[in-house]
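This is work-v8.txt. It holds compact mmCIF, C-alpha atoms and all ligand atoms.
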# COMPACT_ATOMS: atom_id res chain seq x y z
CA MET A 18 -2.53 -22.54 8.78
CA HIS A 19 -4.65 -25.18 7.08
CA GLU A 20 -3.59 -26.04 3.51
CA ASP A 21 -7.03 -25.23 2.00
CA ASP A 22 -7.05 -21.86 3.72
CA LYS A 23 -3.57 -21.11 2.42
CA LYS A 24 -4.67 -22.00 -1.12
CA ASN A 25 -7.84 -19.88 -0.83
CA ALA A 26 -5.92 -16.98 0.63
CA VAL A 27 -3.31 -17.12 -2.11
CA GLN A 28 -6.09 -17.23 -4.72
CA ARG A 29 -7.61 -14.15 -3.12
CA GLY A 30 -4.17 -12.53 -3.34
CA ASN A 31 -4.01 -11.73 0.33
CA PHE A 32 -1.78 -14.33 1.93
CA ASP A 33 1.43 -12.84 3.14
CA PRO A 34 3.17 -14.53 6.07
CA ASN A 35 4.38 -11.04 7.03
CA THR A 36 0.96 -9.68 7.88
CA VAL A 37 0.12 -6.11 8.81
CA PHE A 38 -0.01 -7.28 12.40
CA ASP A 39 3.67 -8.33 12.28
CA LYS A 40 4.41 -4.80 11.14
CA ILE A 41 2.41 -3.37 14.04
CA LEU A 42 4.34 -5.61 16.46
CA THR A 43 7.70 -4.44 15.09
CA GLY A 44 6.60 -0.79 15.06
CA GLU A 45 6.87 -0.56 11.24
CA LEU A 46 3.18 0.38 11.09
CA PRO A 47 1.48 2.76 13.52
CA ALA A 48 -1.22 1.46 15.87
CA GLU A 49 -3.16 2.68 18.87
CA ILE A 50 -1.83 0.15 21.35
CA LEU A 51 -4.05 -0.32 24.37
CA PHE A 52 -2.13 -3.06 26.17
CA GLN A 53 0.90 -5.27 25.67
CA ASN A 54 2.56 -8.00 27.73
CA GLU A 55 5.00 -10.78 26.89
CA LEU A 56 2.32 -12.90 25.16
CA VAL A 57 -0.25 -10.60 23.57
CA THR A 58 -0.94 -7.10 22.23
CA ALA A 59 -4.27 -5.25 22.14
CA PHE A 60 -4.81 -2.34 19.75
CA MET A 61 -7.59 -0.40 18.06
CA ASP A 62 -9.03 -1.83 14.81
CA ILE A 63 -8.35 0.54 11.91
CA GLN A 64 -11.88 -0.02 10.49
CA PRO A 65 -14.01 -0.14 13.64
CA ILE A 66 -17.45 -1.74 13.37
CA THR A 67 -18.36 0.59 16.24
CA THR A 68 -16.21 3.11 18.15
CA GLY A 69 -14.01 1.21 20.58
CA HIS A 70 -13.40 -1.87 18.39
CA VAL A 71 -10.26 -3.59 19.73
CA LEU A 72 -8.17 -6.52 18.43
CA VAL A 73 -6.12 -8.80 20.68
CA ILE A 74 -3.34 -10.73 18.95
CA PRO A 75 -0.55 -13.10 19.98
CA ASN A 76 2.94 -11.58 19.82
CA GLU A 77 4.20 -14.72 18.13
CA ARG A 78 3.20 -15.52 14.56
CA ALA A 79 0.26 -17.93 14.35
CA ALA A 80 -1.88 -17.77 11.22
CA SER A 81 -4.63 -19.97 12.68
CA LEU A 82 -5.86 -21.36 15.99
CA SER A 83 -4.22 -24.70 15.19
CA GLU A 84 -0.81 -22.98 15.34
CA LEU A 85 -1.50 -21.10 18.56
CA PRO A 86 -0.27 -22.49 21.91
CA THR A 87 -3.28 -22.88 24.22
CA THR A 88 -1.62 -20.80 26.97
CA THR A 89 -1.45 -17.90 24.52
CA GLY A 90 -5.06 -18.57 23.45
CA ALA A 91 -6.10 -18.39 27.11
CA GLU A 92 -4.21 -15.10 27.50
CA ILE A 93 -5.93 -13.67 24.42
CA PHE A 94 -9.34 -14.42 25.94
CA LYS A 95 -8.29 -13.15 29.37
CA VAL A 96 -7.12 -9.84 27.93
CA GLY A 97 -10.24 -9.71 25.71
CA GLN A 98 -12.41 -10.06 28.81
CA SER A 99 -10.57 -7.17 30.51
CA VAL A 100 -10.92 -5.06 27.36
CA ALA A 101 -14.67 -5.78 27.38
CA ALA A 102 -14.87 -4.76 31.07
CA ALA A 103 -13.00 -1.51 30.31
CA ILE A 104 -15.33 -0.73 27.40
CA ARG A 105 -18.34 -1.34 29.68
CA LYS A 106 -16.96 1.08 32.30
CA SER A 107 -15.97 3.72 29.73
CA ASN A 108 -18.00 6.65 28.50
CA LEU A 109 -18.73 4.76 25.27
CA GLN A 110 -21.90 3.65 27.10
CA CYS A 111 -22.42 0.55 25.02
CA GLU A 112 -25.46 -1.66 25.41
CA GLY A 113 -23.65 -4.91 24.63
CA ILE A 114 -20.32 -6.33 23.42
CA ASN A 115 -19.41 -8.96 20.84
CA LEU A 116 -16.28 -11.11 20.90
CA PHE A 117 -15.52 -12.63 17.53
CA LEU A 118 -12.69 -14.66 16.05
CA ALA A 119 -12.55 -15.67 12.38
CA ASP A 120 -10.42 -18.80 11.94
CA GLY A 121 -10.04 -19.53 8.24
CA VAL A 122 -11.05 -17.91 4.96
CA ALA A 123 -14.54 -19.47 5.05
CA ALA A 124 -15.02 -17.96 8.51
CA GLY A 125 -14.19 -14.47 7.23
CA GLN A 126 -10.52 -14.26 8.23
CA THR A 127 -8.67 -11.68 6.15
CA VAL A 128 -5.49 -11.14 8.18
CA PHE A 129 -3.59 -14.39 8.73
CA HIS A 130 -2.37 -13.73 12.24
CA VAL A 131 -4.85 -14.88 14.92
CA HIS A 132 -6.92 -12.02 16.35
CA LEU A 133 -9.87 -11.69 18.70
CA HIS A 134 -12.28 -8.85 17.91
CA ILE A 135 -13.97 -7.06 20.81
CA PHE A 136 -16.49 -4.44 19.77
CA PRO A 137 -19.19 -2.45 21.54
CA ARG A 138 -22.79 -2.97 20.41
CA TYR A 139 -25.77 -0.65 20.36
CA LYS A 140 -29.37 -1.26 19.33
CA ASN A 141 -29.61 -0.38 15.64
CA ASP A 142 -25.83 -0.03 15.19
CA GLY A 143 -26.16 -1.62 11.74
CA PHE A 144 -24.14 -4.77 12.49
CA LYS A 145 -26.00 -7.92 11.43
CA TRP A 146 -25.39 -11.65 11.45
CA SER A 147 -26.68 -13.22 8.28
CA LEU A 148 -28.07 -16.62 9.25
CA PRO A 149 -28.80 -19.43 6.79
CA ASP A 150 -32.38 -20.75 6.35
CA ARG A 151 -31.46 -23.99 8.13
CA TYR A 152 -31.07 -22.01 11.36
CA TYR A 153 -34.84 -21.46 11.40
CA SER A 154 -35.64 -25.17 10.96
CA PRO A 155 -33.44 -26.97 13.49
CA PRO A 156 -32.43 -30.58 12.73
CA GLU A 157 -33.49 -33.76 14.53
CA ARG A 158 -31.65 -34.47 17.79
CA SER A 159 -30.01 -37.44 16.07
CA GLU A 160 -28.10 -35.00 13.84
CA LEU A 161 -26.83 -33.17 16.93
CA ALA A 162 -25.81 -36.47 18.49
CA ALA A 163 -23.98 -37.56 15.32
CA ALA A 164 -22.09 -34.27 15.20
CA ARG A 165 -21.22 -34.53 18.90
CA GLU A 166 -19.96 -38.08 18.31
CA GLU A 167 -17.85 -36.96 15.35
CA ILE A 168 -16.24 -34.08 17.27
CA SER A 169 -15.75 -35.93 20.54
CA GLY A 170 -13.62 -38.51 18.73
CA HIS A 171 -11.03 -35.76 18.15
CA PHE A 172 -11.41 -33.77 21.37
CA ASN A 173 -8.33 -33.39 23.56
CA LEU A 174 -7.62 -31.03 26.42
P1 LIG B 201 -10.71 -10.45 10.05
O1 LIG B 201 -11.66 -10.19 8.92
O2 LIG B 201 -11.37 -11.13 11.22
O3 LIG B 201 -9.45 -11.15 9.59
O4 LIG B 201 -10.31 -9.01 10.59
C1 LIG B 201 -9.16 -8.31 10.26
C2 LIG B 201 -9.27 -6.97 10.95
O5 LIG B 201 -7.99 -6.34 10.92
C3 LIG B 201 -10.26 -6.00 10.28
O6 LIG B 201 -11.27 -5.64 11.22
C4 LIG B 201 -9.38 -4.82 9.88
O7 LIG B 201 -10.03 -3.60 9.99
C5 LIG B 201 -8.21 -4.95 10.84
N1 LIG B 201 -6.98 -4.32 10.36
C6 LIG B 201 -6.38 -4.51 9.17
N2 LIG B 201 -5.26 -3.74 9.09
C7 LIG B 201 -5.16 -3.07 10.27
C8 LIG B 201 -4.23 -2.13 10.81
N3 LIG B 201 -3.17 -1.70 10.11
N4 LIG B 201 -4.44 -1.66 12.05
C9 LIG B 201 -5.52 -2.08 12.76
N5 LIG B 201 -6.43 -2.96 12.31
C10 LIG B 201 -6.26 -3.45 11.08
Would you mind writing the file out in structure tokens?
Amino acid sequence: MHEDDKKNAVQRGNFDPNTVFDKILTGELPAEILFQNELVTAFMDIQPITTGHVLVIPNERAASLSELPTTTGAEIFKVGQSVAAAIRKSNLQCEGINLFLADGVAAGQTVFHVHLHIFPRYKNDGFKWSLPDRYYSPPERSELAAAREEISGHFNL
């Protein structure tokens, strides 16, 4: 976990390395487990944005993406894709699906154990993205190029 995030989380009083998800993995807390293999576990979110909201988490402790082995990250997405396919085929009859992952306090992360949200979407389901004003006045291409340059200097695969 990044140091700033740890500080912010502690200030918000919600950083506990033993997260609720650890307790779900050990069976200390109940959960509606949908799928589990040696790398990941998928279970129902306790406060669903819409009915059918699922979380996929790594079985090993990783507070942030930077601590997560990429093979486990790939497995999380693979299982998330299968969950999305199952939701589509189910009687939930959703019109769309969102996959969402909050990495860091500023990104909205509240439980410090990596998790991918998968939730069904419906027209007028009340879920909204709040976009900043800058979104509606896109920058010059030179700003995009500068950002690409900055990121590419650190990109490894
Ligand atoms: P995030 O804001 O991305 O960190 O999301 C954390 C998610 O964990 C929220 O959607 C919560 O509803 C969910 N959550 C917290 N505690 C539990 C629990 N005991 N069982 C299932 N989901 C939980």
| request: Could you please determine the separation between CA of Leu133 in chain A and CA of Val73 in chain A in Å, to one decimal place? | output: 5.1 Å
| request: Write out as a ChimeraX atom specification which residues come within 12 Å of Ile41 in chain A when counting only C-alpha atoms, dropping same-chain ones fewer than 2 positions away. | output: /A:35-39,43-50,53,58-63,72,74-76,130
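Across the model, the gap from CA of Pro65 in chain A to atom O7 of ligand LIG 201 (chain B) is 6.4 Å.
Compared by their closest atoms to ligand LIG 201 (chain B), and using only C-alpha atoms and all ligand atoms, the residues A:His70, A:Lys95, A:Arg138, A:His19 rank with A:His70 nearest.
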| request: Provide the CA of Val122 in chain A to atom O6 of ligand LIG 201 (chain B) distance in Å, to one decimal place. | output: 13.8 Å
| task | Compile the contact shell of Ser107 in chain A as number ranges by chain: residues with an atom at most 12 Å away, counting only C-alpha atoms, same-chain residues fewer than 4 positions apart removed. | result | A: 68-69, 100-103, 111-112, 137
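Closest approach to ligand LIG 201 (chain B) among A:Ile93, A:Met18, A:Leu42, A:Ala119 is made by A:Ala119 (distances from all atoms listed in the file).
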| said: I'd like to know which of A:Gly113, A:Pro86, A:Gly97, A:Gly121 is closest to ligand LIG 201 (chain B), using all atoms listed in the file. | reply: A:Gly121
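Comparing the minimum interatomic distances between Thr127 in chain A and each of A:Ala80, A:Glu160, A:Lys145, A:Val96, counting all atoms listed in the file, we find that A:Ala80 sits nearest.
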Give me the box for ligand LIG 201 (chain B) as AutoDock Vina command-line options, namely the centre and edge lengths in Å to one decimal of a box along x, y and z that holds every listed atom plus 5 Å on each side.
--center_x -7.4 --center_y -6.4 --center_z 10.8 --size_x 18.5 --size_y 19.5 --size_z 13.8
| note | If you count all atoms listed in the file, the residue of A:Arg105, A:Lys40, A:Lys140, A:Arg165 closest to ligand LIG 201 (chain B) turns out to be A:Lys40
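Distances from A:Ile114, A:Ala79, A:Val128, A:Ile66 to ligand LIG 201 (chain B) were compared using all atoms listed in the file, and the smallest one belongs to A:Val128.
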Any chance you could build range 33-44 of chain A out to all heavy atoms and write it as a short mmCIF file (atom, residue, chain, number, x, y, z; two decimals), keeping the file's coordinate frame?
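Final output, result-v2.cif:
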data_model
loop_
_atom_site.label_atom_id
_atom_site.label_comp_id
_atom_site.auth_asym_id
_atom_site.auth_seq_id
_atom_site.Cartn_x
_atom_site.Cartn_y
_atom_site.Cartn_z
N ASP A 33 0.05 -13.27 2.98
CA ASP A 33 1.43 -12.84 3.14
C ASP A 33 1.81 -13.23 4.56
O ASP A 33 1.18 -12.78 5.51
CB ASP A 33 1.50 -11.31 2.95
CG ASP A 33 2.92 -10.80 3.15
OD1 ASP A 33 3.82 -11.60 3.49
OD2 ASP A 33 3.11 -9.59 3.00
N PRO A 34 2.82 -14.13 4.71
CA PRO A 34 3.17 -14.53 6.07
C PRO A 34 3.59 -13.33 6.92
O PRO A 34 3.46 -13.35 8.15
CB PRO A 34 4.32 -15.52 5.87
CG PRO A 34 4.79 -15.33 4.47
CD PRO A 34 3.64 -14.75 3.70
N ASN A 35 4.09 -12.26 6.28
CA ASN A 35 4.38 -11.04 7.03
C ASN A 35 3.14 -10.16 6.99
O ASN A 35 2.97 -9.32 6.13
CB ASN A 35 5.54 -10.26 6.39
CG ASN A 35 6.79 -11.10 6.37
OD1 ASN A 35 7.26 -11.54 7.42
ND2 ASN A 35 7.32 -11.35 5.19
N THR A 36 2.23 -10.40 7.91
CA THR A 36 0.96 -9.68 7.88
C THR A 36 1.13 -8.26 8.42
O THR A 36 2.16 -7.92 9.01
CB THR A 36 -0.09 -10.41 8.74
OG1 THR A 36 0.33 -10.30 10.10
CG2 THR A 36 -0.24 -11.85 8.35
N VAL A 37 0.10 -7.47 8.24
CA VAL A 37 0.12 -6.11 8.81
C VAL A 37 0.32 -6.16 10.32
O VAL A 37 0.90 -5.23 10.89
CB VAL A 37 -1.17 -5.32 8.49
CG1 VAL A 37 -1.20 -4.87 7.06
CG2 VAL A 37 -2.41 -6.08 8.84
N PHE A 38 -0.14 -7.22 10.95
CA PHE A 38 -0.01 -7.28 12.40
C PHE A 38 1.45 -7.49 12.82
O PHE A 38 1.88 -6.99 13.86
CB PHE A 38 -0.93 -8.37 12.99
CG PHE A 38 -2.40 -8.09 12.79
CD1 PHE A 38 -3.34 -9.05 13.07
CD2 PHE A 38 -2.85 -6.85 12.34
CE1 PHE A 38 -4.70 -8.80 12.89
CE2 PHE A 38 -4.19 -6.57 12.16
CZ PHE A 38 -5.13 -7.56 12.44
N ASP A 39 2.23 -8.23 12.00
CA ASP A 39 3.67 -8.33 12.28
C ASP A 39 4.28 -6.93 12.26
O ASP A 39 5.11 -6.60 13.10
CB ASP A 39 4.37 -9.17 11.21
CG ASP A 39 4.12 -10.65 11.40
OD1 ASP A 39 4.62 -11.20 12.38
OD2 ASP A 39 3.41 -11.23 10.56
N LYS A 40 3.85 -6.15 11.29
CA LYS A 40 4.41 -4.80 11.14
C LYS A 40 4.00 -3.89 12.31
O LYS A 40 4.75 -3.01 12.70
CB LYS A 40 4.01 -4.19 9.79
CG LYS A 40 4.63 -4.96 8.62
CD LYS A 40 4.42 -4.28 7.29
CE LYS A 40 5.10 -5.07 6.19
NZ LYS A 40 4.18 -5.63 5.21
N ILE A 41 2.83 -4.13 12.84
CA ILE A 41 2.41 -3.37 14.04
C ILE A 41 3.28 -3.79 15.22
O ILE A 41 3.77 -2.95 15.99
CB ILE A 41 0.91 -3.59 14.32
CG1 ILE A 41 0.10 -2.80 13.29
CG2 ILE A 41 0.54 -3.20 15.75
CD1 ILE A 41 -1.40 -3.03 13.34
N LEU A 42 3.54 -5.11 15.33
CA LEU A 42 4.34 -5.61 16.46
C LEU A 42 5.78 -5.09 16.41
O LEU A 42 6.39 -4.85 17.45
CB LEU A 42 4.32 -7.14 16.49
CG LEU A 42 2.97 -7.77 16.86
CD1 LEU A 42 2.98 -9.27 16.61
CD2 LEU A 42 2.63 -7.48 18.33
N THR A 43 6.32 -4.92 15.19
CA THR A 43 7.70 -4.44 15.09
C THR A 43 7.77 -2.91 15.11
O THR A 43 8.86 -2.34 15.11
CB THR A 43 8.38 -4.94 13.80
OG1 THR A 43 7.59 -4.48 12.68
CG2 THR A 43 8.51 -6.44 13.76
N GLY A 44 6.62 -2.26 15.05
CA GLY A 44 6.60 -0.79 15.06
C GLY A 44 6.74 -0.18 13.67
O GLY A 44 6.77 1.04 13.51
#
